[in-house]
$ cat input-v8.cif   # mmCIF, C-alpha atoms
data_protein
#
loop_
_atom_site.group_PDB
_atom_site.id
_atom_site.type_symbol
_atom_site.label_atom_id
_atom_site.label_comp_id
_atom_site.auth_asym_id
_atom_site.auth_seq_id
_atom_site.Cartn_x
_atom_site.Cartn_y
_atom_site.Cartn_z
ATOM 1 C CA MET A 52 81.381 85.106 70.092
ATOM 2 C CA SER A 53 83.895 83.706 67.580
ATOM 3 C CA GLU A 54 86.790 81.716 68.975
ATOM 4 C CA HIS A 55 89.033 84.212 67.194
ATOM 5 C CA THR A 56 87.465 87.222 68.965
ATOM 6 C CA PHE A 57 89.418 88.529 71.933
ATOM 7 C CA THR A 58 88.305 90.975 74.586
ATOM 8 C CA SER A 59 90.672 93.448 76.187
ATOM 9 C CA PRO A 60 91.200 94.019 79.915
ATOM 10 C CA PHE A 61 91.475 97.747 79.122
ATOM 11 C CA ARG A 62 88.950 100.481 78.494
ATOM 12 C CA ASN A 63 90.067 102.606 75.534
ATOM 13 C CA PHE A 64 89.592 106.362 75.422
ATOM 14 C CA THR A 65 90.353 108.817 72.665
ATOM 15 C CA ARG A 66 91.740 112.133 73.858
ATOM 16 C CA GLU A 67 88.371 113.743 73.136
ATOM 17 C CA GLU A 68 86.574 111.200 75.311
ATOM 18 C CA TRP A 69 89.175 111.460 78.064
ATOM 19 C CA LYS A 70 89.152 115.244 78.349
ATOM 20 C CA ARG A 71 85.397 115.176 79.005
ATOM 21 C CA LEU A 72 86.216 113.414 82.287
ATOM 22 C CA ASN A 73 87.967 116.579 83.421
ATOM 23 C CA GLY A 74 87.291 117.776 86.952
ATOM 24 C CA GLN A 75 88.310 121.181 88.237
ATOM 25 C CA LEU A 76 91.254 121.709 90.554
ATOM 26 C CA SER A 77 90.794 124.484 93.075
ATOM 27 C CA HIS A 78 94.223 125.944 92.284
ATOM 28 C CA ALA A 79 95.260 126.466 88.693
ATOM 29 C CA ILE A 80 98.789 125.770 87.473
ATOM 30 C CA ARG A 81 100.547 128.953 86.433
ATOM 31 C CA GLU A 82 101.975 129.358 82.933
ATOM 32 C CA GLU A 83 105.415 130.018 84.439
ATOM 33 C CA ASP A 84 105.301 126.579 86.086
ATOM 34 C CA LEU A 85 105.372 124.864 82.688
ATOM 35 C CA SER A 86 109.084 125.485 82.146
ATOM 36 C CA GLN A 87 109.825 123.695 85.422
ATOM 37 C CA LEU A 88 107.732 120.667 84.543
ATOM 38 C CA HIS A 89 108.777 119.588 81.073
ATOM 39 C CA ALA A 90 112.096 118.081 80.059
ATOM 40 C CA LEU A 91 114.345 119.080 77.157
ATOM 41 C CA ASN A 92 112.566 118.915 73.779
ATOM 42 C CA GLU A 93 109.342 117.695 75.405
ATOM 43 C CA PRO A 94 106.612 120.262 74.718
ATOM 44 C CA LEU A 95 104.039 120.868 77.432
ATOM 45 C CA THR A 96 100.987 123.108 77.314
ATOM 46 C CA MET A 97 98.227 124.052 79.702
ATOM 47 C CA GLN A 98 95.848 122.317 77.297
ATOM 48 C CA GLU A 99 97.773 119.042 77.752
ATOM 49 C CA ILE A 100 97.585 119.395 81.530
ATOM 50 C CA GLU A 101 93.875 120.216 81.516
ATOM 51 C CA GLU A 102 92.837 117.565 78.988
ATOM 52 C CA VAL A 103 95.105 114.690 80.046
ATOM 53 C CA TYR A 104 96.627 115.126 83.495
ATOM 54 C CA ILE A 105 93.773 116.669 85.455
ATOM 55 C CA PRO A 106 91.379 113.838 84.534
ATOM 56 C CA LEU A 107 94.200 111.421 85.424
ATOM 57 C CA ALA A 108 94.639 113.146 88.791
ATOM 58 C CA HIS A 109 90.943 112.762 89.559
ATOM 59 C CA LEU A 110 91.004 109.091 88.580
ATOM 60 C CA LEU A 111 93.966 108.567 90.886
ATOM 61 C CA GLU A 112 92.152 110.494 93.606
ATOM 62 C CA LEU A 113 89.428 107.815 93.527
ATOM 63 C CA HIS A 114 92.041 105.102 94.025
ATOM 64 C CA ILE A 115 93.861 107.047 96.750
ATOM 65 C CA ASN A 116 90.615 107.666 98.654
ATOM 66 C CA LYS A 117 89.647 103.975 98.473
ATOM 67 C CA PHE A 118 93.170 103.025 99.562
ATOM 68 C CA GLN A 119 92.831 105.248 102.636
ATOM 69 C CA GLU A 120 89.323 103.984 103.373
ATOM 70 C CA LEU A 121 90.564 100.400 103.260
ATOM 71 C CA HIS A 122 93.363 101.333 105.648
ATOM 72 C CA ALA A 123 90.835 102.714 108.149
ATOM 73 C CA ILE A 124 88.584 99.661 107.791
ATOM 74 C CA SER A 125 91.555 97.329 108.258
ATOM 75 C CA ASN A 126 92.622 99.163 111.410
ATOM 76 C CA ASP A 127 89.112 98.720 112.767
ATOM 77 C CA PHE A 128 88.987 95.025 111.818
ATOM 78 C CA PHE A 129 92.396 94.172 113.294
ATOM 79 C CA LYS A 130 91.849 96.413 116.334
ATOM 80 C CA ARG A 131 95.059 98.243 115.536
ATOM 81 C CA ASN A 132 95.907 101.880 114.951
ATOM 82 C CA HIS A 133 98.654 101.579 112.378
ATOM 83 C CA GLN A 134 99.636 104.772 110.580
ATOM 84 C CA LYS A 135 98.560 105.129 106.971
ATOM 85 C CA LEU A 136 101.111 104.185 104.324
ATOM 86 C CA PRO A 137 102.017 106.026 101.125
ATOM 87 C CA PHE A 138 100.088 105.318 97.943
ATOM 88 C CA ILE A 139 102.806 104.387 95.427
ATOM 89 C CA ILE A 140 102.502 105.124 91.702
ATOM 90 C CA GLY A 141 104.977 103.600 89.237
ATOM 91 C CA ILE A 142 105.715 105.242 85.880
ATOM 92 C CA ALA A 143 107.509 103.210 83.199
ATOM 93 C CA GLY A 144 108.353 103.579 79.514
ATOM 94 C CA SER A 145 111.186 103.898 77.024
ATOM 95 C CA VAL A 146 114.156 106.224 77.118
ATOM 96 C CA ALA A 147 113.133 109.602 75.592
ATOM 97 C CA VAL A 148 109.383 108.878 75.685
ATOM 98 C CA GLY A 149 108.699 111.593 78.267
ATOM 99 C CA LYS A 150 108.388 109.716 81.571
ATOM 100 C CA SER A 151 110.079 112.461 83.567
ATOM 101 C CA THR A 152 107.662 115.102 82.291
ATOM 102 C CA THR A 153 104.698 112.842 83.051
ATOM 103 C CA ALA A 154 106.052 112.225 86.556
ATOM 104 C CA ARG A 155 106.644 115.915 87.314
ATOM 105 C CA VAL A 156 103.268 117.035 85.972
ATOM 106 C CA LEU A 157 101.504 114.280 87.883
ATOM 107 C CA LYS A 158 103.296 115.270 91.075
ATOM 108 C CA LYS A 159 102.130 118.855 90.568
ATOM 109 C CA VAL A 160 98.473 118.117 89.819
ATOM 110 C CA LEU A 161 98.125 115.501 92.566
ATOM 111 C CA ALA A 162 99.477 117.988 95.119
ATOM 112 C CA LEU A 163 96.645 120.346 94.101
ATOM 113 C CA LEU A 164 93.874 117.872 94.935
ATOM 114 C CA PRO A 165 91.416 119.076 97.612
ATOM 115 C CA HIS A 166 93.064 117.343 100.577
ATOM 116 C CA ARG A 167 96.508 118.665 99.474
ATOM 117 C CA PRO A 168 98.444 115.403 99.699
ATOM 118 C CA LYS A 169 102.185 115.447 100.231
ATOM 119 C CA VAL A 170 103.604 114.045 96.984
ATOM 120 C CA GLU A 171 107.210 112.945 96.485
ATOM 121 C CA LEU A 172 108.983 111.812 93.315
ATOM 122 C CA VAL A 173 111.861 109.341 93.064
ATOM 123 C CA THR A 174 113.627 108.212 89.898
ATOM 124 C CA THR A 175 115.331 104.854 89.750
ATOM 125 C CA ASP A 176 118.513 106.354 88.222
ATOM 126 C CA GLY A 177 119.938 106.675 91.730
ATOM 127 C CA PHE A 178 119.684 102.907 92.127
ATOM 128 C CA LEU A 179 121.988 102.218 89.188
ATOM 129 C CA TYR A 180 125.286 100.669 90.181
ATOM 130 C CA PRO A 181 128.102 103.263 90.159
ATOM 131 C CA ASN A 182 130.105 103.359 86.938
ATOM 132 C CA LYS A 183 133.109 101.736 88.576
ATOM 133 C CA GLU A 184 130.948 98.744 89.499
ATOM 134 C CA LEU A 185 129.422 98.590 86.018
ATOM 135 C CA ILE A 186 132.934 98.629 84.535
ATOM 136 C CA LYS A 187 134.020 95.905 86.952
ATOM 137 C CA ARG A 188 131.059 93.783 85.782
ATOM 138 C CA ASN A 189 131.739 94.709 82.142
ATOM 139 C CA ILE A 190 128.203 96.077 81.687
ATOM 140 C CA LEU A 191 128.735 99.842 81.410
ATOM 141 C CA ASN A 192 127.318 99.655 77.890
ATOM 142 C CA ARG A 193 124.191 98.044 79.377
ATOM 143 C CA LYS A 194 123.359 100.894 81.729
ATOM 144 C CA GLY A 195 119.568 100.969 81.988
ATOM 145 C CA PHE A 196 119.212 97.215 81.498
ATOM 146 C CA PRO A 197 117.805 95.361 84.536
ATOM 147 C CA GLU A 198 121.210 93.974 85.548
ATOM 148 C CA SER A 199 122.645 97.514 85.849
ATOM 149 C CA TYR A 200 120.409 98.315 88.837
ATOM 150 C CA ASP A 201 121.019 97.420 92.456
ATOM 151 C CA SER A 202 117.638 95.707 92.602
ATOM 152 C CA LYS A 203 118.030 94.668 96.238
ATOM 153 C CA LYS A 204 118.509 98.331 97.178
ATOM 154 C CA ILE A 205 115.385 99.370 95.236
ATOM 155 C CA ILE A 206 113.343 96.605 96.852
ATOM 156 C CA GLN A 207 114.620 97.546 100.321
ATOM 157 C CA PHE A 208 113.757 101.209 99.747
ATOM 158 C CA LEU A 209 110.194 100.355 98.743
ATOM 159 C CA ALA A 210 109.848 97.851 101.580
ATOM 160 C CA ASP A 211 110.920 100.571 104.038
ATOM 161 C CA ILE A 212 108.376 102.980 102.557
ATOM 162 C CA LYS A 213 105.578 100.409 102.686
ATOM 163 C CA SER A 214 106.470 99.413 106.244
ATOM 164 C CA GLY A 215 105.852 102.977 107.420
ATOM 165 C CA LYS A 216 109.461 103.928 108.128
ATOM 166 C CA SER A 217 109.480 107.621 108.998
ATOM 167 C CA SER A 218 112.485 108.622 106.910
ATOM 168 C CA VAL A 219 114.119 106.820 103.980
ATOM 169 C CA SER A 220 117.090 108.052 101.949
ATOM 170 C CA VAL A 221 117.515 107.605 98.203
ATOM 171 C CA PRO A 222 120.784 107.823 96.239
ATOM 172 C CA LEU A 223 121.010 110.672 93.735
ATOM 173 C CA TYR A 224 122.187 110.431 90.145
ATOM 174 C CA SER A 225 123.900 113.094 88.043
ATOM 175 C CA HIS A 226 123.181 113.113 84.324
ATOM 176 C CA LEU A 227 126.097 115.520 83.929
ATOM 177 C CA ALA A 228 128.556 113.083 85.513
ATOM 178 C CA TYR A 229 126.594 110.095 84.164
ATOM 179 C CA ASP A 230 127.033 108.459 87.544
ATOM 180 C CA VAL A 231 125.571 108.004 91.010
ATOM 181 C CA LEU A 232 126.662 110.755 93.410
ATOM 182 C CA PRO A 233 128.371 108.910 96.295
ATOM 183 C CA ASN A 234 127.775 111.501 99.016
ATOM 184 C CA GLU A 235 124.357 112.902 98.126
ATOM 185 C CA LYS A 236 120.960 111.583 99.168
ATOM 186 C CA LEU A 237 117.315 112.546 98.831
ATOM 187 C CA VAL A 238 115.373 112.019 102.063
ATOM 188 C CA ILE A 239 111.760 110.872 101.736
ATOM 189 C CA SER A 240 109.673 111.440 104.862
ATOM 190 C CA GLN A 241 106.220 109.845 105.006
ATOM 191 C CA PRO A 242 104.569 111.193 101.857
ATOM 192 C CA ASP A 243 100.897 110.596 101.163
ATOM 193 C CA VAL A 244 101.785 109.709 97.579
ATOM 194 C CA LEU A 245 105.102 108.509 96.197
ATOM 195 C CA ILE A 246 105.775 108.474 92.447
ATOM 196 C CA VAL A 247 108.536 106.098 91.310
ATOM 197 C CA GLU A 248 109.708 106.746 87.744
ATOM 198 C CA GLY A 249 112.071 104.619 85.681
ATOM 199 C CA ILE A 250 112.389 102.701 82.447
ATOM 200 C CA ASN A 251 112.223 99.260 84.018
ATOM 201 C CA VAL A 252 110.055 99.733 87.111
ATOM 202 C CA LEU A 253 107.483 97.226 85.872
ATOM 203 C CA GLN A 254 110.197 94.645 85.272
ATOM 204 C CA VAL A 255 113.085 94.978 87.740
ATOM 205 C CA ASN A 256 113.127 92.267 90.390
ATOM 206 C CA SER A 257 115.387 90.866 93.061
ATOM 207 C CA ARG A 258 116.796 87.590 91.762
ATOM 208 C CA ARG A 259 117.237 86.297 95.284
ATOM 209 C CA ASN A 260 113.585 86.154 96.259
ATOM 210 C CA GLY A 261 111.674 86.933 93.074
ATOM 211 C CA VAL A 262 110.155 90.137 94.447
ATOM 212 C CA PHE A 263 109.340 92.727 91.773
ATOM 213 C CA VAL A 264 109.505 96.497 92.202
ATOM 214 C CA SER A 265 105.950 96.652 90.879
ATOM 215 C CA ASP A 266 104.781 94.437 93.760
ATOM 216 C CA PHE A 267 104.902 97.595 95.882
ATOM 217 C CA PHE A 268 102.893 99.743 93.472
ATOM 218 C CA ASP A 269 99.293 100.676 94.163
ATOM 219 C CA TYR A 270 98.915 102.019 90.622
ATOM 220 C CA SER A 271 101.139 101.855 87.551
ATOM 221 C CA ILE A 272 101.364 103.938 84.385
ATOM 222 C CA TYR A 273 103.159 103.138 81.128
ATOM 223 C CA VAL A 274 104.074 106.024 78.818
ATOM 224 C CA ASP A 275 103.921 104.667 75.269
ATOM 225 C CA ALA A 276 104.644 105.831 71.722
ATOM 226 C CA ASP A 277 105.517 104.324 68.365
ATOM 227 C CA GLU A 278 109.194 103.441 68.222
ATOM 228 C CA LYS A 279 109.761 105.644 65.166
ATOM 229 C CA ASN A 280 108.630 108.663 67.171
ATOM 230 C CA ILE A 281 110.755 107.713 70.184
ATOM 231 C CA VAL A 282 113.858 107.389 67.974
ATOM 232 C CA ASP A 283 113.189 110.833 66.488
ATOM 233 C CA TRP A 284 112.795 112.314 69.983
ATOM 234 C CA TYR A 285 115.970 110.604 71.172
ATOM 235 C CA ILE A 286 117.996 111.988 68.268
ATOM 236 C CA ASP A 287 116.532 115.475 68.723
ATOM 237 C CA ARG A 288 117.390 115.370 72.431
ATOM 238 C CA PHE A 289 120.923 114.158 71.725
ATOM 239 C CA GLU A 290 121.386 117.025 69.262
ATOM 240 C CA SER A 291 120.077 119.578 71.774
ATOM 241 C CA LEU A 292 122.346 118.209 74.511
ATOM 242 C CA ARG A 293 125.343 118.315 72.163
ATOM 243 C CA ALA A 294 124.772 122.037 71.771
ATOM 244 C CA THR A 295 124.207 122.646 75.492
ATOM 245 C CA ALA A 296 125.074 120.237 78.324
ATOM 246 C CA PHE A 297 127.741 118.346 76.361
ATOM 247 C CA GLN A 298 129.658 121.610 75.948
ATOM 248 C CA ASN A 299 130.339 121.566 79.687
ATOM 249 C CA GLU A 300 133.810 120.093 80.227
ATOM 250 C CA ALA A 301 132.504 118.337 83.352
ATOM 251 C CA SER A 302 129.995 116.392 81.263
ATOM 252 C CA TYR A 303 130.647 112.698 80.768
ATOM 253 C CA PHE A 304 129.554 113.250 77.158
ATOM 254 C CA HIS A 305 131.815 116.240 76.487
ATOM 255 C CA LYS A 306 133.617 114.003 73.971
ATOM 256 C CA TYR A 307 130.602 114.456 71.683
ATOM 257 C CA ALA A 308 130.532 118.256 71.920
ATOM 258 C CA ASN A 309 132.457 118.915 68.708
ATOM 259 C CA LEU A 310 130.730 116.404 66.481
ATOM 260 C CA SER A 311 129.187 117.731 63.295
ATOM 261 C CA THR A 312 125.431 117.497 62.911
ATOM 262 C CA GLU A 313 125.792 114.465 60.650
ATOM 263 C CA GLU A 314 128.217 112.775 63.054
ATOM 264 C CA SER A 315 125.955 113.544 66.013
ATOM 265 C CA ILE A 316 122.886 112.045 64.333
ATOM 266 C CA ALA A 317 124.903 108.971 63.368
ATOM 267 C CA MET A 318 126.179 108.590 66.949
ATOM 268 C CA ALA A 319 122.676 108.950 68.411
ATOM 269 C CA ASN A 320 121.371 106.321 65.980
ATOM 270 C CA ASN A 321 124.231 104.011 66.904
ATOM 271 C CA ILE A 322 123.566 104.356 70.658
ATOM 272 C CA TRP A 323 119.875 103.767 70.077
ATOM 273 C CA ASN A 324 120.420 100.648 67.971
ATOM 274 C CA GLU A 325 123.096 99.114 70.210
ATOM 275 C CA ILE A 326 121.666 99.936 73.647
ATOM 276 C CA ASN A 327 118.244 101.540 73.838
ATOM 277 C CA ARG A 328 116.436 99.516 71.176
ATOM 278 C CA PRO A 329 117.432 96.098 72.603
ATOM 279 C CA ASN A 330 116.492 97.256 76.109
ATOM 280 C CA LEU A 331 113.129 98.520 74.851
ATOM 281 C CA HIS A 332 112.257 95.280 73.077
ATOM 282 C CA GLN A 333 113.725 92.836 75.582
ATOM 283 C CA ASN A 334 112.808 94.451 78.889
ATOM 284 C CA ILE A 335 110.587 97.529 78.707
ATOM 285 C CA LEU A 336 107.946 97.014 76.018
ATOM 286 C CA PRO A 337 106.974 93.522 77.254
ATOM 287 C CA THR A 338 105.864 95.090 80.556
ATOM 288 C CA ARG A 339 103.465 97.568 78.946
ATOM 289 C CA TYR A 340 100.333 95.531 79.641
ATOM 290 C CA ARG A 341 101.274 95.023 83.261
ATOM 291 C CA ALA A 342 100.357 98.682 83.795
ATOM 292 C CA ASP A 343 97.012 99.890 85.107
ATOM 293 C CA LEU A 344 96.969 102.766 82.632
ATOM 294 C CA ILE A 345 98.741 103.425 79.321
ATOM 295 C CA LEU A 346 99.284 106.926 77.950
ATOM 296 C CA LYS A 347 99.831 106.644 74.177
ATOM 297 C CA LYS A 348 101.575 109.646 72.636
ATOM 298 C CA GLY A 349 101.401 110.868 69.077
ATOM 299 C CA SER A 350 104.266 112.156 66.951
ATOM 300 C CA HIS A 351 104.256 115.593 68.606
ATOM 301 C CA HIS A 352 104.763 114.239 72.155
ATOM 302 C CA PHE A 353 101.157 114.882 73.163
ATOM 303 C CA VAL A 354 98.897 112.098 74.463
ATOM 304 C CA LYS A 355 96.358 110.938 71.892
ATOM 305 C CA ARG A 356 94.860 107.803 73.519
ATOM 306 C CA ILE A 357 94.489 106.370 77.013
ATOM 307 C CA LYS A 358 93.951 102.778 78.035
ATOM 308 C CA VAL A 359 92.691 102.048 81.559
ATOM 309 C CA ARG A 360 92.608 98.575 83.070
ATOM 310 C CA LYS A 361 89.044 97.478 83.802
ATOM 311 C CA ILE A 362 87.983 96.954 87.411
#
$ encode --input "input-v8.cif" --output "structure tokens"
Amino acid sequence: MSEHTFTSPFRNFTREEWKRLNGQLSHAIREEDLSQLHALNEPLTMQEIEEVYIPLAHLLELHINKFQELHAISNDFFKRNHQKLPFIIGIAGSVAVGKSTTARVLKKVLALLPHRPKVELVTTDGFLYPNKELIKRNILNRKGFPESYDSKKIIQFLADIKSGKSSVSVPLYSHLAYDVLPNEKLVISQPDVLIVEGINVLQVNSRRNGVFVSDFFDYSIYVDADEKNIVDWYIDRFESLRATAFQNEASYFHKYANLSTEESIAMANNIWNEINRPNLHQNILPTRYRADLILKKGSHHFVKRIKVRKI
């Protein structure tokens, strides 16, 4: 082997190779479910679910089963009867790349596995500092950067989950208000599988003790795409929101509702270049190869390649 030849810790699959790994779920997803699973301007088809997400669900099923077997063996070894803990999956990737759709579809297909696991989904948006705190720290324009999250609260939440706490509450975030909702919580009660989705979940850590969010993950997924495609998707989404959600006077972004198309595209480009692009390059993209699996999307939002970390 030449000294200039490098091997990869990942197995690479084309979509054609990956879809041949497809197993069969005993309950099919209905066509009407699709509208509930995909986000704005993120196309989703039954073909995408069958060729990408069902094989992924069966791969994860192998890991979940081994995780539960190890739990049983450990109980026997330590002469204890500790309850089983949730299998935690982290999903990371850029703004507008389609993480939320991936997370929702994965939640759906995992819940249809033969043993019908209880699957919960949490986004890290609820762990952002409230806007008033971001303003106080002069970092409102860095929302989504690692310093905008209450990392100690995220770490404590995951520590509670992994310690077997019966019920853990999670703050909720409103994209309409563009802020954390102070009096609303999501209660997570002993799921079999917990999906944690957020742009920086493979990077965010507690500065006090150096603990990373990803330290609590049993499996991690990075949703990837070429930056040119992500920028196009971001602008398209901004334009769609300008015509819909931004028209609501309660929306934090109502100030953009009356922009012309040209002004809207210019504003979206400006936000991308000043906020989202630096965050992608400084904090998100460098964590890509920390993931166990990478879903690489093509220009039409559909997955074209998969990389899986070798075992």
$ closest_residue --input "input-v8.cif" --among "A:Ser151, A:Ser302, A:Ser315, A:Asn320" --to "A:Gly249" --atoms "only C-alpha atoms"
A:Ser151
$ residues_near_point --input "input-v8.cif" --point "(109.5, 106.6, 65.7)" --cutoff "12 Å" --atoms "only C-alpha atoms" --output "mmCIF file with C-alpha atoms, in the frame of the given file"
data_model
loop_
_atom_site.group_PDB
_atom_site.id
_atom_site.type_symbol
_atom_site.label_atom_id
_atom_site.label_comp_id
_atom_site.auth_asym_id
_atom_site.auth_seq_id
_atom_site.Cartn_x
_atom_site.Cartn_y
_atom_site.Cartn_z
ATOM 1 C CA SER A 145 111.186 103.898 77.024
ATOM 2 C CA ALA A 147 113.133 109.602 75.592
ATOM 3 C CA VAL A 148 109.383 108.878 75.685
ATOM 4 C CA ASP A 275 103.921 104.667 75.269
ATOM 5 C CA ALA A 276 104.644 105.831 71.722
ATOM 6 C CA ASP A 277 105.517 104.324 68.365
ATOM 7 C CA GLU A 278 109.194 103.441 68.222
ATOM 8 C CA LYS A 279 109.761 105.644 65.166
ATOM 9 C CA ASN A 280 108.630 108.663 67.171
ATOM 10 C CA ILE A 281 110.755 107.713 70.184
ATOM 11 C CA VAL A 282 113.858 107.389 67.974
ATOM 12 C CA ASP A 283 113.189 110.833 66.488
ATOM 13 C CA TRP A 284 112.795 112.314 69.983
ATOM 14 C CA TYR A 285 115.970 110.604 71.172
ATOM 15 C CA ILE A 286 117.996 111.988 68.268
ATOM 16 C CA ASP A 287 116.532 115.475 68.723
ATOM 17 C CA ASN A 320 121.371 106.321 65.980
ATOM 18 C CA TRP A 323 119.875 103.767 70.077
ATOM 19 C CA ARG A 328 116.436 99.516 71.176
ATOM 20 C CA LYS A 348 101.575 109.646 72.636
ATOM 21 C CA GLY A 349 101.401 110.868 69.077
ATOM 22 C CA SER A 350 104.266 112.156 66.951
ATOM 23 C CA HIS A 351 104.256 115.593 68.606
ATOM 24 C CA HIS A 352 104.763 114.239 72.155
#
$ atom_distance --input "input-v8.cif" --atom1 "atom CA of A:Arg341" --atom2 "atom CA of A:Ser220"
27.7 Å
$ closest_residue --input "input-v8.cif" --among "A:Ile190, A:Pro94, A:Asp243, A:Lys236" --to "A:Gln119" --atoms "only C-alpha atoms"
A:Asp243
$ resolve_selection --input "input-v8.cif" --expression "the PyMOL selection byres ((chain A and resi 154-166) around 9)" --output "mmCIF file with C-alpha atoms, keeping the file's coordinate frame"
data_model
loop_
_atom_site.group_PDB
_atom_site.id
_atom_site.type_symbol
_atom_site.label_atom_id
_atom_site.label_comp_id
_atom_site.auth_asym_id
_atom_site.auth_seq_id
_atom_site.Cartn_x
_atom_site.Cartn_y
_atom_site.Cartn_z
ATOM 1 C CA LEU A 76 91.254 121.709 90.554
ATOM 2 C CA SER A 77 90.794 124.484 93.075
ATOM 3 C CA HIS A 78 94.223 125.944 92.284
ATOM 4 C CA ALA A 79 95.260 126.466 88.693
ATOM 5 C CA ILE A 80 98.789 125.770 87.473
ATOM 6 C CA LEU A 85 105.372 124.864 82.688
ATOM 7 C CA GLN A 87 109.825 123.695 85.422
ATOM 8 C CA LEU A 88 107.732 120.667 84.543
ATOM 9 C CA HIS A 89 108.777 119.588 81.073
ATOM 10 C CA ILE A 100 97.585 119.395 81.530
ATOM 11 C CA TYR A 104 96.627 115.126 83.495
ATOM 12 C CA ILE A 105 93.773 116.669 85.455
ATOM 13 C CA LEU A 107 94.200 111.421 85.424
ATOM 14 C CA ALA A 108 94.639 113.146 88.791
ATOM 15 C CA HIS A 109 90.943 112.762 89.559
ATOM 16 C CA LEU A 111 93.966 108.567 90.886
ATOM 17 C CA GLU A 112 92.152 110.494 93.606
ATOM 18 C CA ILE A 142 105.715 105.242 85.880
ATOM 19 C CA GLY A 149 108.699 111.593 78.267
ATOM 20 C CA LYS A 150 108.388 109.716 81.571
ATOM 21 C CA SER A 151 110.079 112.461 83.567
ATOM 22 C CA THR A 152 107.662 115.102 82.291
ATOM 23 C CA THR A 153 104.698 112.842 83.051
ATOM 24 C CA ARG A 167 96.508 118.665 99.474
ATOM 25 C CA PRO A 168 98.444 115.403 99.699
ATOM 26 C CA LYS A 169 102.185 115.447 100.231
ATOM 27 C CA VAL A 170 103.604 114.045 96.984
ATOM 28 C CA GLU A 171 107.210 112.945 96.485
ATOM 29 C CA LEU A 172 108.983 111.812 93.315
ATOM 30 C CA VAL A 244 101.785 109.709 97.579
ATOM 31 C CA LEU A 245 105.102 108.509 96.197
ATOM 32 C CA ILE A 246 105.775 108.474 92.447
ATOM 33 C CA VAL A 247 108.536 106.098 91.310
ATOM 34 C CA GLU A 248 109.708 106.746 87.744
#
$ atom_distance --input "input-v8.cif" --atom1 "atom CA of A:Ile206" --atom2 "atom CA of A:Ser225"
21.5 Å
$ closest_residue --input "input-v8.cif" --among "A:Leu95, A:Ile186, A:Ile250, A:Leu227" --to "A:Leu292" --atoms "all atoms listed in the file"
A:Leu227
$ axis_aligned_box --input "input-v8.cif" --around "stretch 94-98 of chain A" --padding-each-side "3 Å" --output "JSON"
{"center_x": 101.2, "center_y": 122.2, "center_z": 77.2, "size_x": 16.8, "size_y": 9.8, "size_z": 11.0}
$ atom_distance --input "input-v8.cif" --atom1 "atom CA of A:Glu99" --atom2 "atom CA of A:Val354"
7.8 Å
$ closest_residue --input "input-v8.cif" --among "A:Tyr224, A:Phe208, A:Phe304, A:Tyr273" --to "A:Val359" --atoms "all atoms listed in the file"
A:Tyr273
$ residues_near_point --input "input-v8.cif" --point "(101.4, 101.8, 100.5)" --cutoff "9 Å" --atoms "only C-alpha atoms" --output "MDAnalysis selection string"
chainID A and resid 118 135:139 212:215 243:245 267:269
$ closest_residue --input "input-v8.cif" --among "A:Leu121, A:Leu223, A:Ile205, A:Ile272" --to "A:Ala342" --atoms "all atoms listed in the file"
A:Ile272
$ closest_residue --input "input-v8.cif" --among "A:Ile326, A:Asn73, A:Glu290, A:His114" --to "A:Ile362" --atoms "all atoms listed in the file"
A:His114
$ resolve_selection --input "input-v8.cif" --expression "the PyMOL selection byres ((chain A and resi 199) around 10)" --output "ChimeraX atom specification"
/A:178-182,184-185,188,190-198,200-202
$ write_last_selection --input "input-v8.cif" --atoms "C-alpha atoms" --output "PDB file, in the coordinates of the input"
ATOM      1  CA  PHE A 178     119.684 102.907  92.127  1.00  0.00           C
ATOM      2  CA  LEU A 179     121.988 102.218  89.188  1.00  0.00           C
ATOM      3  CA  TYR A 180     125.286 100.669  90.181  1.00  0.00           C
ATOM      4  CA  PRO A 181     128.102 103.263  90.159  1.00  0.00           C
ATOM      5  CA  ASN A 182     130.105 103.359  86.938  1.00  0.00           C
ATOM      6  CA  GLU A 184     130.948  98.744  89.499  1.00  0.00           C
ATOM      7  CA  LEU A 185     129.422  98.590  86.018  1.00  0.00           C
ATOM      8  CA  ARG A 188     131.059  93.783  85.782  1.00  0.00           C
ATOM      9  CA  ILE A 190     128.203  96.077  81.687  1.00  0.00           C
ATOM     10  CA  LEU A 191     128.735  99.842  81.410  1.00  0.00           C
ATOM     11  CA  ASN A 192     127.318  99.655  77.890  1.00  0.00           C
ATOM     12  CA  ARG A 193     124.191  98.044  79.377  1.00  0.00           C
ATOM     13  CA  LYS A 194     123.359 100.894  81.729  1.00  0.00           C
ATOM     14  CA  GLY A 195     119.568 100.969  81.988  1.00  0.00           C
ATOM     15  CA  PHE A 196     119.212  97.215  81.498  1.00  0.00           C
ATOM     16  CA  PRO A 197     117.805  95.361  84.536  1.00  0.00           C
ATOM     17  CA  GLU A 198     121.210  93.974  85.548  1.00  0.00           C
ATOM     18  CA  TYR A 200     120.409  98.315  88.837  1.00  0.00           C
ATOM     19  CA  ASP A 201     121.019  97.420  92.456  1.00  0.00           C
ATOM     20  CA  SER A 202     117.638  95.707  92.602  1.00  0.00           C
TER      21      SER A 202
END
$ resolve_selection --input "input-v8.cif" --expression "the PyMOL selection byres ((chain A and resi 309) around 12)" --output "MDAnalysis selection string"
chainID A and resid 290 292:295 297:300 304:308 310:315
